[in-house]
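This is work04.pdb. It holds PDB, N, CA and C atoms, pLDDT in the B column.
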MODEL        1
ATOM      1  N   MET A   1       0.619  30.461 -97.336  1.00 52.00           N
ATOM      2  CA  MET A   1      -0.779  30.825 -97.343  1.00 52.00           C
ATOM      3  C   MET A   1      -1.615  29.575 -97.637  1.00 52.00           C
ATOM      4  N   ALA A   2      -2.607  29.318 -96.837  1.00 78.00           N
ATOM      5  CA  ALA A   2      -3.466  28.150 -97.008  1.00 78.00           C
ATOM      6  C   ALA A   2      -4.454  28.382 -98.141  1.00 78.00           C
ATOM      7  N   SER A   3      -4.946  27.282 -98.690  1.00 88.00           N
ATOM      8  CA  SER A   3      -5.949  27.401 -99.736  1.00 88.00           C
ATOM      9  C   SER A   3      -7.140  26.514 -99.412  1.00 88.00           C
ATOM     10  N   CYS A   4      -8.271  26.812-100.045  1.00 91.00           N
ATOM     11  CA  CYS A   4      -9.496  26.044 -99.877  1.00 91.00           C
ATOM     12  C   CYS A   4      -9.903  25.496-101.236  1.00 91.00           C
ATOM     13  N   LYS A   5     -10.390  24.276-101.242  1.00 94.00           N
ATOM     14  CA  LYS A   5     -10.901  23.679-102.472  1.00 94.00           C
ATOM     15  C   LYS A   5     -12.415  23.800-102.468  1.00 94.00           C
ATOM     16  N   ILE A   6     -12.951  24.261-103.578  1.00 93.00           N
ATOM     17  CA  ILE A   6     -14.394  24.425-103.733  1.00 93.00           C
ATOM     18  C   ILE A   6     -14.855  23.493-104.846  1.00 93.00           C
ATOM     19  N   THR A   7     -15.794  22.632-104.532  1.00 94.00           N
ATOM     20  CA  THR A   7     -16.367  21.730-105.528  1.00 94.00           C
ATOM     21  C   THR A   7     -17.797  22.186-105.773  1.00 94.00           C
ATOM     22  N   ILE A   8     -18.105  22.431-107.058  1.00 92.00           N
ATOM     23  CA  ILE A   8     -19.416  22.950-107.444  1.00 92.00           C
ATOM     24  C   ILE A   8     -20.141  21.883-108.257  1.00 92.00           C
ATOM     25  N   ASN A   9     -21.309  21.471-107.790  1.00 89.00           N
ATOM     26  CA  ASN A   9     -22.139  20.476-108.483  1.00 89.00           C
ATOM     27  C   ASN A   9     -21.380  19.191-108.797  1.00 89.00           C
ATOM     28  N   GLN A  10     -20.427  18.838-107.975  1.00 88.00           N
ATOM     29  CA  GLN A  10     -19.626  17.625-108.101  1.00 88.00           C
ATOM     30  C   GLN A  10     -18.852  17.559-109.409  1.00 88.00           C
ATOM     31  N   VAL A  11     -18.755  18.668-110.138  1.00 87.00           N
ATOM     32  CA  VAL A  11     -18.101  18.661-111.442  1.00 87.00           C
ATOM     33  C   VAL A  11     -16.945  19.645-111.512  1.00 87.00           C
ATOM     34  N   ILE A  12     -17.168  20.860-111.042  1.00 85.00           N
ATOM     35  CA  ILE A  12     -16.163  21.912-111.152  1.00 85.00           C
ATOM     36  C   ILE A  12     -15.390  21.993-109.850  1.00 85.00           C
ATOM     37  N   HIS A  13     -14.064  22.009-109.972  1.00 88.00           N
ATOM     38  CA  HIS A  13     -13.201  22.078-108.802  1.00 88.00           C
ATOM     39  C   HIS A  13     -12.344  23.337-108.913  1.00 88.00           C
ATOM     40  N   VAL A  14     -12.392  24.165-107.879  1.00 89.00           N
ATOM     41  CA  VAL A  14     -11.666  25.429-107.852  1.00 89.00           C
ATOM     42  C   VAL A  14     -10.843  25.460-106.583  1.00 89.00           C
ATOM     43  N   GLU A  15      -9.636  26.000-106.674  1.00 87.00           N
ATOM     44  CA  GLU A  15      -8.823  26.180-105.476  1.00 87.00           C
ATOM     45  C   GLU A  15      -8.567  27.669-105.306  1.00 87.00           C
ATOM     46  N   VAL A  16      -8.845  28.190-104.117  1.00 87.00           N
ATOM     47  CA  VAL A  16      -8.657  29.613-103.835  1.00 87.00           C
ATOM     48  C   VAL A  16      -7.852  29.776-102.555  1.00 87.00           C
ATOM     49  N   GLU A  17      -7.171  30.897-102.456  1.00 81.00           N
ATOM     50  CA  GLU A  17      -6.460  31.220-101.222  1.00 81.00           C
ATOM     51  C   GLU A  17      -7.485  31.445-100.119  1.00 81.00           C
ATOM     52  N   ALA A  18      -7.221  30.932 -98.942  1.00 70.00           N
ATOM     53  CA  ALA A  18      -8.173  31.016 -97.832  1.00 70.00           C
ATOM     54  C   ALA A  18      -8.490  32.455 -97.459  1.00 70.00           C
ATOM     55  N   ASP A  19      -7.552  33.364 -97.681  1.00 74.00           N
ATOM     56  CA  ASP A  19      -7.800  34.764 -97.316  1.00 74.00           C
ATOM     57  C   ASP A  19      -8.036  35.644 -98.547  1.00 74.00           C
ATOM     58  N   ALA A  20      -8.417  35.042 -99.667  1.00 81.00           N
ATOM     59  CA  ALA A  20      -8.709  35.804-100.881  1.00 81.00           C
ATOM     60  C   ALA A  20      -9.894  36.728-100.614  1.00 81.00           C
ATOM     61  N   PRO A  21      -9.868  37.941-101.172  1.00 88.00           N
ATOM     62  CA  PRO A  21     -10.938  38.901-100.885  1.00 88.00           C
ATOM     63  C   PRO A  21     -12.252  38.643-101.641  1.00 88.00           C
ATOM     64  N   ALA A  22     -12.235  37.811-102.664  1.00 91.00           N
ATOM     65  CA  ALA A  22     -13.438  37.575-103.465  1.00 91.00           C
ATOM     66  C   ALA A  22     -14.505  36.824-102.677  1.00 91.00           C
ATOM     67  N   SER A  23     -15.754  37.177-102.931  1.00 95.00           N
ATOM     68  CA  SER A  23     -16.865  36.437-102.323  1.00 95.00           C
ATOM     69  C   SER A  23     -16.972  35.079-103.010  1.00 95.00           C
ATOM     70  N   LEU A  24     -17.687  34.169-102.404  1.00 94.00           N
ATOM     71  CA  LEU A  24     -17.901  32.861-103.018  1.00 94.00           C
ATOM     72  C   LEU A  24     -18.652  33.022-104.343  1.00 94.00           C
ATOM     73  N   LEU A  25     -19.558  33.974-104.429  1.00 95.00           N
ATOM     74  CA  LEU A  25     -20.273  34.233-105.678  1.00 95.00           C
ATOM     75  C   LEU A  25     -19.300  34.636-106.781  1.00 95.00           C
ATOM     76  N   GLU A  26     -18.369  35.518-106.476  1.00 94.00           N
ATOM     77  CA  GLU A  26     -17.357  35.932-107.460  1.00 94.00           C
ATOM     78  C   GLU A  26     -16.469  34.766-107.857  1.00 94.00           C
ATOM     79  N   THR A  27     -16.135  33.919-106.906  1.00 91.00           N
ATOM     80  CA  THR A  27     -15.320  32.742-107.197  1.00 91.00           C
ATOM     81  C   THR A  27     -16.052  31.783-108.132  1.00 91.00           C
ATOM     82  N   ILE A  28     -17.348  31.589-107.881  1.00 89.00           N
ATOM     83  CA  ILE A  28     -18.162  30.732-108.743  1.00 89.00           C
ATOM     84  C   ILE A  28     -18.185  31.298-110.163  1.00 89.00           C
ATOM     85  N   GLU A  29     -18.365  32.602-110.280  1.00 91.00           N
ATOM     86  CA  GLU A  29     -18.375  33.239-111.601  1.00 91.00           C
ATOM     87  C   GLU A  29     -17.037  33.059-112.312  1.00 91.00           C
ATOM     88  N   GLN A  30     -15.933  33.228-111.580  1.00 88.00           N
ATOM     89  CA  GLN A  30     -14.610  33.085-112.172  1.00 88.00           C
ATOM     90  C   GLN A  30     -14.355  31.653-112.641  1.00 88.00           C
ATOM     91  N   ALA A  31     -15.072  30.694-112.056  1.00 86.00           N
ATOM     92  CA  ALA A  31     -14.935  29.292-112.451  1.00 86.00           C
ATOM     93  C   ALA A  31     -15.749  28.980-113.704  1.00 86.00           C
ATOM     94  N   GLY A  32     -16.486  29.972-114.216  1.00 88.00           N
ATOM     95  CA  GLY A  32     -17.247  29.774-115.434  1.00 88.00           C
ATOM     96  C   GLY A  32     -18.698  29.380-115.227  1.00 88.00           C
ATOM     97  N   VAL A  33     -19.147  29.372-113.976  1.00 87.00           N
ATOM     98  CA  VAL A  33     -20.543  29.052-113.679  1.00 87.00           C
ATOM     99  C   VAL A  33     -21.334  30.356-113.686  1.00 87.00           C
ATOM    100  N   GLU A  34     -22.539  30.332-114.259  1.00 90.00           N
ATOM    101  CA  GLU A  34     -23.400  31.513-114.258  1.00 90.00           C
ATOM    102  C   GLU A  34     -24.398  31.390-113.109  1.00 90.00           C
ATOM    103  N   PRO A  35     -24.056  31.944-111.949  1.00 89.00           N
ATOM    104  CA  PRO A  35     -24.933  31.805-110.775  1.00 89.00           C
ATOM    105  C   PRO A  35     -26.164  32.699-110.849  1.00 89.00           C
ATOM    106  N   ARG A  36     -27.183  32.306-110.106  1.00 90.00           N
ATOM    107  CA  ARG A  36     -28.366  33.156-109.926  1.00 90.00           C
ATOM    108  C   ARG A  36     -27.998  34.209-108.876  1.00 90.00           C
ATOM    109  N   PHE A  37     -28.352  35.442-109.135  1.00 94.00           N
ATOM    110  CA  PHE A  37     -28.133  36.500-108.144  1.00 94.00           C
ATOM    111  C   PHE A  37     -28.887  37.744-108.578  1.00 94.00           C
ATOM    112  N   HIS A  38     -29.072  38.665-107.648  1.00 94.00           N
ATOM    113  CA  HIS A  38     -29.656  39.970-107.961  1.00 94.00           C
ATOM    114  C   HIS A  38     -28.858  41.076-107.277  1.00 94.00           C
ATOM    115  N   CYS A  39     -28.834  41.070-105.948  1.00 94.00           N
ATOM    116  CA  CYS A  39     -28.329  42.239-105.230  1.00 94.00           C
ATOM    117  C   CYS A  39     -26.834  42.211-104.904  1.00 94.00           C
ATOM    118  N   ARG A  40     -26.255  41.061-104.735  1.00 95.00           N
ATOM    119  CA  ARG A  40     -24.839  40.893-104.351  1.00 95.00           C
ATOM    120  C   ARG A  40     -24.508  41.415-102.949  1.00 95.00           C
ATOM    121  N   ASN A  41     -25.513  41.628-102.112  1.00 95.00           N
ATOM    122  CA  ASN A  41     -25.194  42.128-100.767  1.00 95.00           C
ATOM    123  C   ASN A  41     -25.963  41.414 -99.657  1.00 95.00           C
ATOM    124  N   GLY A  42     -26.505  40.230 -99.939  1.00 96.00           N
ATOM    125  CA  GLY A  42     -27.163  39.436 -98.903  1.00 96.00           C
ATOM    126  C   GLY A  42     -28.580  39.845 -98.585  1.00 96.00           C
ATOM    127  N   PHE A  43     -29.160  40.720 -99.387  1.00 96.00           N
ATOM    128  CA  PHE A  43     -30.495  41.225 -99.105  1.00 96.00           C
ATOM    129  C   PHE A  43     -31.607  40.391 -99.741  1.00 96.00           C
ATOM    130  N   CYS A  44     -31.422  39.963-100.993  1.00 96.00           N
ATOM    131  CA  CYS A  44     -32.535  39.343-101.720  1.00 96.00           C
ATOM    132  C   CYS A  44     -32.614  37.816-101.568  1.00 96.00           C
ATOM    133  N   GLY A  45     -31.499  37.145-101.392  1.00 96.00           N
ATOM    134  CA  GLY A  45     -31.506  35.694-101.246  1.00 96.00           C
ATOM    135  C   GLY A  45     -31.534  34.936-102.557  1.00 96.00           C
ATOM    136  N   ALA A  46     -31.456  35.629-103.694  1.00 96.00           N
ATOM    137  CA  ALA A  46     -31.535  34.952-104.998  1.00 96.00           C
ATOM    138  C   ALA A  46     -30.376  33.991-105.242  1.00 96.00           C
ATOM    139  N   CYS A  47     -29.241  34.218-104.627  1.00 96.00           N
ATOM    140  CA  CYS A  47     -28.073  33.355-104.855  1.00 96.00           C
ATOM    141  C   CYS A  47     -28.014  32.164-103.901  1.00 96.00           C
ATOM    142  N   ARG A  48     -29.062  31.985-103.106  1.00 96.00           N
ATOM    143  CA  ARG A  48     -29.098  30.900-102.111  1.00 96.00           C
ATOM    144  C   ARG A  48     -28.587  29.593-102.732  1.00 96.00           C
ATOM    145  N   THR A  49     -27.666  28.945-102.051  1.00 96.00           N
ATOM    146  CA  THR A  49     -26.985  27.745-102.543  1.00 96.00           C
ATOM    147  C   THR A  49     -26.906  26.720-101.425  1.00 96.00           C
ATOM    148  N   LYS A  50     -26.999  25.457-101.779  1.00 97.00           N
ATOM    149  CA  LYS A  50     -26.931  24.379-100.788  1.00 97.00           C
ATOM    150  C   LYS A  50     -25.470  24.064-100.466  1.00 97.00           C
ATOM    151  N   LEU A  51     -25.125  24.114 -99.182  1.00 98.00           N
ATOM    152  CA  LEU A  51     -23.791  23.738 -98.708  1.00 98.00           C
ATOM    153  C   LEU A  51     -23.837  22.273 -98.323  1.00 98.00           C
ATOM    154  N   ILE A  52     -23.147  21.431 -99.082  1.00 97.00           N
ATOM    155  CA  ILE A  52     -23.139  19.988 -98.845  1.00 97.00           C
ATOM    156  C   ILE A  52     -22.162  19.642 -97.718  1.00 97.00           C
ATOM    157  N   SER A  53     -20.975  20.225 -97.772  1.00 97.00           N
ATOM    158  CA  SER A  53     -19.994  19.987 -96.711  1.00 97.00           C
ATOM    159  C   SER A  53     -19.033  21.163 -96.626  1.00 97.00           C
ATOM    160  N   GLY A  54     -18.390  21.280 -95.471  1.00 97.00           N
ATOM    161  CA  GLY A  54     -17.438  22.349 -95.236  1.00 97.00           C
ATOM    162  C   GLY A  54     -18.076  23.510 -94.495  1.00 97.00           C
ATOM    163  N   THR A  55     -17.296  24.575 -94.329  1.00 96.00           N
ATOM    164  CA  THR A  55     -17.778  25.749 -93.605  1.00 96.00           C
ATOM    165  C   THR A  55     -17.442  27.010 -94.391  1.00 96.00           C
ATOM    166  N   VAL A  56     -18.271  28.031 -94.179  1.00 96.00           N
ATOM    167  CA  VAL A  56     -18.039  29.342 -94.776  1.00 96.00           C
ATOM    168  C   VAL A  56     -18.056  30.383 -93.670  1.00 96.00           C
ATOM    169  N   ARG A  57     -17.519  31.545 -93.974  1.00 95.00           N
ATOM    170  CA  ARG A  57     -17.596  32.678 -93.048  1.00 95.00           C
ATOM    171  C   ARG A  57     -18.262  33.821 -93.795  1.00 95.00           C
ATOM    172  N   TYR A  58     -19.148  34.507 -93.116  1.00 97.00           N
ATOM    173  CA  TYR A  58     -19.855  35.628 -93.710  1.00 97.00           C
ATOM    174  C   TYR A  58     -19.047  36.899 -93.528  1.00 97.00           C
ATOM    175  N   THR A  59     -18.830  37.623 -94.612  1.00 95.00           N
ATOM    176  CA  THR A  59     -18.112  38.897 -94.568  1.00 95.00           C
ATOM    177  C   THR A  59     -19.066  40.028 -94.225  1.00 95.00           C
ATOM    178  N   THR A  60     -20.341  39.817 -94.502  1.00 94.00           N
ATOM    179  CA  THR A  60     -21.414  40.737 -94.164  1.00 94.00           C
ATOM    180  C   THR A  60     -22.573  39.900 -93.671  1.00 94.00           C
ATOM    181  N   GLU A  61     -23.215  40.317 -92.603  1.00 93.00           N
ATOM    182  CA  GLU A  61     -24.359  39.562 -92.088  1.00 93.00           C
ATOM    183  C   GLU A  61     -25.486  39.605 -93.120  1.00 93.00           C
ATOM    184  N   PRO A  62     -25.941  38.432 -93.598  1.00 94.00           N
ATOM    185  CA  PRO A  62     -27.008  38.425 -94.600  1.00 94.00           C
ATOM    186  C   PRO A  62     -28.334  38.893 -94.020  1.00 94.00           C
ATOM    187  N   LEU A  63     -29.091  39.610 -94.831  1.00 94.00           N
ATOM    188  CA  LEU A  63     -30.408  40.081 -94.424  1.00 94.00           C
ATOM    189  C   LEU A  63     -31.508  39.149 -94.913  1.00 94.00           C
ATOM    190  N   ALA A  64     -31.226  38.371 -95.936  1.00 95.00           N
ATOM    191  CA  ALA A  64     -32.208  37.428 -96.479  1.00 95.00           C
ATOM    192  C   ALA A  64     -32.305  36.199 -95.583  1.00 95.00           C
ATOM    193  N   TYR A  65     -33.469  35.570 -95.602  1.00 93.00           N
ATOM    194  CA  TYR A  65     -33.678  34.337 -94.850  1.00 93.00           C
ATOM    195  C   TYR A  65     -32.819  33.233 -95.466  1.00 93.00           C
ATOM    196  N   ILE A  66     -32.153  32.457 -94.616  1.00 93.00           N
ATOM    197  CA  ILE A  66     -31.325  31.335 -95.076  1.00 93.00           C
ATOM    198  C   ILE A  66     -31.820  30.073 -94.393  1.00 93.00           C
ATOM    199  N   ARG A  67     -32.246  29.116 -95.177  1.00 94.00           N
ATOM    200  CA  ARG A  67     -32.670  27.831 -94.617  1.00 94.00           C
ATOM    201  C   ARG A  67     -31.458  27.075 -94.105  1.00 94.00           C
ATOM    202  N   GLN A  68     -31.691  26.182 -93.147  1.00 95.00           N
ATOM    203  CA  GLN A  68     -30.607  25.361 -92.629  1.00 95.00           C
ATOM    204  C   GLN A  68     -30.005  24.567 -93.783  1.00 95.00           C
ATOM    205  N   GLY A  69     -28.696  24.589 -93.900  1.00 96.00           N
ATOM    206  CA  GLY A  69     -27.994  23.881 -94.962  1.00 96.00           C
ATOM    207  C   GLY A  69     -27.741  24.718 -96.198  1.00 96.00           C
ATOM    208  N   ASP A  70     -28.274  25.953 -96.218  1.00 97.00           N
ATOM    209  CA  ASP A  70     -28.058  26.857 -97.334  1.00 97.00           C
ATOM    210  C   ASP A  70     -27.091  27.965 -96.936  1.00 97.00           C
ATOM    211  N   ILE A  71     -26.484  28.594 -97.941  1.00 97.00           N
ATOM    212  CA  ILE A  71     -25.609  29.751 -97.730  1.00 97.00           C
ATOM    213  C   ILE A  71     -25.953  30.806 -98.779  1.00 97.00           C
ATOM    214  N   LEU A  72     -25.494  32.025 -98.548  1.00 97.00           N
ATOM    215  CA  LEU A  72     -25.604  33.091 -99.539  1.00 97.00           C
ATOM    216  C   LEU A  72     -24.194  33.409-100.034  1.00 97.00           C
ATOM    217  N   PRO A  73     -23.811  32.890-101.194  1.00 97.00           N
ATOM    218  CA  PRO A  73     -22.451  33.067-101.698  1.00 97.00           C
ATOM    219  C   PRO A  73     -22.033  34.515-101.917  1.00 97.00           C
ATOM    220  N   CYS A  74     -22.999  35.420-102.076  1.00 97.00           N
ATOM    221  CA  CYS A  74     -22.640  36.816-102.346  1.00 97.00           C
ATOM    222  C   CYS A  74     -21.975  37.492-101.157  1.00 97.00           C
ATOM    223  N   VAL A  75     -22.183  36.967 -99.956  1.00 97.00           N
ATOM    224  CA  VAL A  75     -21.628  37.618 -98.765  1.00 97.00           C
ATOM    225  C   VAL A  75     -20.823  36.650 -97.890  1.00 97.00           C
ATOM    226  N   CYS A  76     -20.306  35.575 -98.503  1.00 96.00           N
ATOM    227  CA  CYS A  76     -19.480  34.660 -97.714  1.00 96.00           C
ATOM    228  C   CYS A  76     -18.264  34.203 -98.509  1.00 96.00           C
ATOM    229  N   GLN A  77     -17.353  33.595 -97.786  1.00 94.00           N
ATOM    230  CA  GLN A  77     -16.139  33.030 -98.365  1.00 94.00           C
ATOM    231  C   GLN A  77     -15.933  31.646 -97.770  1.00 94.00           C
ATOM    232  N   ALA A  78     -15.239  30.792 -98.505  1.00 94.00           N
ATOM    233  CA  ALA A  78     -14.933  29.463 -97.996  1.00 94.00           C
ATOM    234  C   ALA A  78     -14.018  29.581 -96.791  1.00 94.00           C
ATOM    235  N   ASP A  79     -14.334  28.844 -95.734  1.00 92.00           N
ATOM    236  CA  ASP A  79     -13.517  28.832 -94.520  1.00 92.00           C
ATOM    237  C   ASP A  79     -12.762  27.512 -94.421  1.00 92.00           C
ATOM    238  N   SER A  80     -13.121  26.573 -95.297  1.00 94.00           N
ATOM    239  CA  SER A  80     -12.498  25.257 -95.365  1.00 94.00           C
ATOM    240  C   SER A  80     -12.778  24.735 -96.769  1.00 94.00           C
ATOM    241  N   ASP A  81     -12.360  23.520 -97.057  1.00 95.00           N
ATOM    242  CA  ASP A  81     -12.769  22.896 -98.315  1.00 95.00           C
ATOM    243  C   ASP A  81     -14.270  22.749 -98.259  1.00 95.00           C
ATOM    244  N   ILE A  82     -14.958  23.118 -99.345  1.00 96.00           N
ATOM    245  CA  ILE A  82     -16.419  23.035 -99.354  1.00 96.00           C
ATOM    246  C   ILE A  82     -16.920  22.340-100.613  1.00 96.00           C
ATOM    247  N   VAL A  83     -18.123  21.775-100.491  1.00 96.00           N
ATOM    248  CA  VAL A  83     -18.840  21.209-101.617  1.00 96.00           C
ATOM    249  C   VAL A  83     -20.198  21.897-101.617  1.00 96.00           C
ATOM    250  N   ILE A  84     -20.569  22.460-102.786  1.00 95.00           N
ATOM    251  CA  ILE A  84     -21.852  23.144-102.902  1.00 95.00           C
ATOM    252  C   ILE A  84     -22.613  22.617-104.100  1.00 95.00           C
ATOM    253  N   GLU A  85     -23.943  22.725-104.031  1.00 93.00           N
ATOM    254  CA  GLU A  85     -24.829  22.446-105.165  1.00 93.00           C
ATOM    255  C   GLU A  85     -25.425  23.759-105.581  1.00 93.00           C
ATOM    256  N   HIS A  86     -25.127  24.158-106.799  1.00 81.00           N
ATOM    257  CA  HIS A  86     -25.621  25.458-107.249  1.00 81.00           C
ATOM    258  C   HIS A  86     -26.421  25.303-108.520  1.00 81.00           C
TER     259      HIS A  86
ENDMDL
END
So, in terms of C-alpha cells, how does the structure I just supplied come out?
Amino acid sequence: MASCKITINQVIHVEVEADAPASLLETIEQAGVEPRFHCRNGFCGACRTKLISGTVRYTTEPLAYIRQGDILPCVCQADSDIVIEH
C-alpha cells in the first residue's frame, strides 16, 4: 500500500496511507494541529488552506468558492506528497 507525506507549515510531517478514508482535515487534526473549520462538508470554506505543492483528490465536490492554489481539507485527501500552509 502506498503512502503520502503531508508537510504542514514546513514544520509538521505526517505520513498517511494513500487510500486512507480520513479527510485531510481529519489528518491535520490527528497531527495535533487545530484547524479552522465549521461545516466539514465543503459548504462554508472556513477550512480553506493553501496548497504549496502536490495534488489532492476531492471525495465530495466542494460547494464553497476555492481560489486558485487553495484547497478545502474537509472534503479532500492527499493524492501525492503534499505541502500545505495552514
Using all atoms listed in the file, which protein or nucleic acid residues come within 6.5 Å of Tyr58 in chain A? Drop anything in the same chain fewer than 2 positions from it, and give the result as a PDB file with N, CA and C atoms, in the frame of the given file.
ATOM      1  N   VAL A  56     -18.271  28.031 -94.179  1.00 96.00           N
ATOM      2  CA  VAL A  56     -18.039  29.342 -94.776  1.00 96.00           C
ATOM      3  C   VAL A  56     -18.056  30.383 -93.670  1.00 96.00           C
ATOM      4  N   THR A  60     -20.341  39.817 -94.502  1.00 94.00           N
ATOM      5  CA  THR A  60     -21.414  40.737 -94.164  1.00 94.00           C
ATOM      6  C   THR A  60     -22.573  39.900 -93.671  1.00 94.00           C
ATOM      7  N   GLU A  61     -23.215  40.317 -92.603  1.00 93.00           N
ATOM      8  CA  GLU A  61     -24.359  39.562 -92.088  1.00 93.00           C
ATOM      9  C   GLU A  61     -25.486  39.605 -93.120  1.00 93.00           C
ATOM     10  N   VAL A  75     -22.183  36.967 -99.956  1.00 97.00           N
ATOM     11  CA  VAL A  75     -21.628  37.618 -98.765  1.00 97.00           C
ATOM     12  C   VAL A  75     -20.823  36.650 -97.890  1.00 97.00           C
ATOM     13  N   CYS A  76     -20.306  35.575 -98.503  1.00 96.00           N
ATOM     14  CA  CYS A  76     -19.480  34.660 -97.714  1.00 96.00           C
ATOM     15  C   CYS A  76     -18.264  34.203 -98.509  1.00 96.00           C
ATOM     16  N   GLN A  77     -17.353  33.595 -97.786  1.00 94.00           N
ATOM     17  CA  GLN A  77     -16.139  33.030 -98.365  1.00 94.00           C
ATOM     18  C   GLN A  77     -15.933  31.646 -97.770  1.00 94.00           C
TER      19      GLN A  77
END
### Task
Could you list the residues chosen by the PyMOL selection byres ((chain A and resi 37) around 5) in this structure as a list in words?
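Output of the PyMOL selection byres ((chain A and resi 37) around 5): Pro35, Arg36, His38, Cys39, Ala46 and Cys47 of chain A.
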### Task
Based on DSSP run over this structure's backbone, return all residues of range 19-54 of chain A in alpha helix (DSSP H), as a list in words.
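Here are the alpha helix (DSSP H) residues of range 19-54 of chain A: Leu24, Leu25, Glu26, Thr27, Ile28, Glu29 and Gln30 of chain A.
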### Message
I'd like the residues picked by the PyMOL selection byres ((chain A and resi 4) around 8) written out as a list in words, using the chain letters and numbers from the file.
### Response
Met1, Ala2, Ser3, Lys5, Ile6, Thr7, Val14, Glu15, Val16, Glu17, Ala18, Asp19, Ala78, Asp79, Ser80, Asp81 and Ile82 of chain A
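Relative to atom C of Gly42 in chain A, CA of Val11 in chain A is found at 26.9 Å.
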### Message
Report, in Å to a single decimal, how far apart atom C of His13 in chain A and CA of Lys50 in chain A are.
### Response
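Separating CA of Lys50 in chain A from atom C of His13 in chain A is a distance of 16.7 Å.
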#### Entry: Point-to-point distance in Å for CA of Phe43 in chain A and CA of Gln68 in chain A
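For CA of Gln68 in chain A relative to CA of Phe43 in chain A, the distance reads 17.1 Å.
Take the PyMOL selection byres (((chain A and resi 26 and name CA) around 10) and name CA) and apply it to this file: it picks Pro21, Ala22, Ser23, Leu24, Leu25, Thr27, Ile28, Glu29, Gln30, Ala31, Val33, Pro35, Arg40, Pro73, Cys74, Val75 and Gln77 of chain A.
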### Query
as a PyMOL selection string, which residues of chain A does DSSP assign to strand (DSSP E)?
chain A and resi 3-8+12-17+49-53+56-58+70-71+76-78+82-85
#### Entry: Residues within 8 Å of Ile66 in chain A, all atoms listed in the file, excluding chain neighbours under 5 positions, as a list of chain:residue names
A:Gly45, A:Arg48, A:Ile71, A:Leu72
Serialized selection, N, CA and C atoms, as a PDB file, in the frame of the given file:
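Saved result, selection_18.pdb, follows:
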ATOM      1  N   GLY A  45     -31.499  37.145-101.392  1.00 96.00           N
ATOM      2  CA  GLY A  45     -31.506  35.694-101.246  1.00 96.00           C
ATOM      3  C   GLY A  45     -31.534  34.936-102.557  1.00 96.00           C
ATOM      4  N   ARG A  48     -29.062  31.985-103.106  1.00 96.00           N
ATOM      5  CA  ARG A  48     -29.098  30.900-102.111  1.00 96.00           C
ATOM      6  C   ARG A  48     -28.587  29.593-102.732  1.00 96.00           C
ATOM      7  N   ILE A  71     -26.484  28.594 -97.941  1.00 97.00           N
ATOM      8  CA  ILE A  71     -25.609  29.751 -97.730  1.00 97.00           C
ATOM      9  C   ILE A  71     -25.953  30.806 -98.779  1.00 97.00           C
ATOM     10  N   LEU A  72     -25.494  32.025 -98.548  1.00 97.00           N
ATOM     11  CA  LEU A  72     -25.604  33.091 -99.539  1.00 97.00           C
ATOM     12  C   LEU A  72     -24.194  33.409-100.034  1.00 97.00           C
TER      13      LEU A  72
END
Would you mind putting back N, CA, C and O atoms on range 54-63 of chain A, then writing it out as an mmCIF file, in the frame of the given file?
data_model
loop_
_atom_site.group_PDB
_atom_site.id
_atom_site.type_symbol
_atom_site.label_atom_id
_atom_site.label_comp_id
_atom_site.auth_asym_id
_atom_site.auth_seq_id
_atom_site.Cartn_x
_atom_site.Cartn_y
_atom_site.Cartn_z
ATOM 1 N N GLY A 54 -18.390 21.280 -95.471
ATOM 2 C CA GLY A 54 -17.438 22.349 -95.236
ATOM 3 C C GLY A 54 -18.076 23.510 -94.495
ATOM 4 O O GLY A 54 -19.233 23.454 -94.092
ATOM 5 N N THR A 55 -17.296 24.575 -94.329
ATOM 6 C CA THR A 55 -17.778 25.749 -93.605
ATOM 7 C C THR A 55 -17.442 27.010 -94.391
ATOM 8 O O THR A 55 -16.475 27.050 -95.144
ATOM 9 N N VAL A 56 -18.271 28.031 -94.179
ATOM 10 C CA VAL A 56 -18.039 29.342 -94.776
ATOM 11 C C VAL A 56 -18.056 30.383 -93.670
ATOM 12 O O VAL A 56 -18.554 30.133 -92.578
ATOM 13 N N ARG A 57 -17.519 31.545 -93.974
ATOM 14 C CA ARG A 57 -17.596 32.678 -93.048
ATOM 15 C C ARG A 57 -18.262 33.821 -93.795
ATOM 16 O O ARG A 57 -17.985 34.060 -94.974
ATOM 17 N N TYR A 58 -19.148 34.507 -93.116
ATOM 18 C CA TYR A 58 -19.855 35.628 -93.710
ATOM 19 C C TYR A 58 -19.047 36.899 -93.528
ATOM 20 O O TYR A 58 -18.617 37.208 -92.420
ATOM 21 N N THR A 59 -18.830 37.623 -94.612
ATOM 22 C CA THR A 59 -18.112 38.897 -94.568
ATOM 23 C C THR A 59 -19.066 40.028 -94.225
ATOM 24 O O THR A 59 -18.648 41.064 -93.732
ATOM 25 N N THR A 60 -20.341 39.817 -94.502
ATOM 26 C CA THR A 60 -21.414 40.737 -94.164
ATOM 27 C C THR A 60 -22.573 39.900 -93.671
ATOM 28 O O THR A 60 -22.881 38.867 -94.270
ATOM 29 N N GLU A 61 -23.215 40.317 -92.603
ATOM 30 C CA GLU A 61 -24.359 39.562 -92.088
ATOM 31 C C GLU A 61 -25.486 39.605 -93.120
ATOM 32 O O GLU A 61 -25.943 40.670 -93.504
ATOM 33 N N PRO A 62 -25.941 38.432 -93.598
ATOM 34 C CA PRO A 62 -27.008 38.425 -94.600
ATOM 35 C C PRO A 62 -28.334 38.893 -94.020
ATOM 36 O O PRO A 62 -28.648 38.616 -92.868
ATOM 37 N N LEU A 63 -29.091 39.610 -94.831
ATOM 38 C CA LEU A 63 -30.408 40.081 -94.424
ATOM 39 C C LEU A 63 -31.508 39.149 -94.913
ATOM 40 O O LEU A 63 -32.598 39.147 -94.372
#
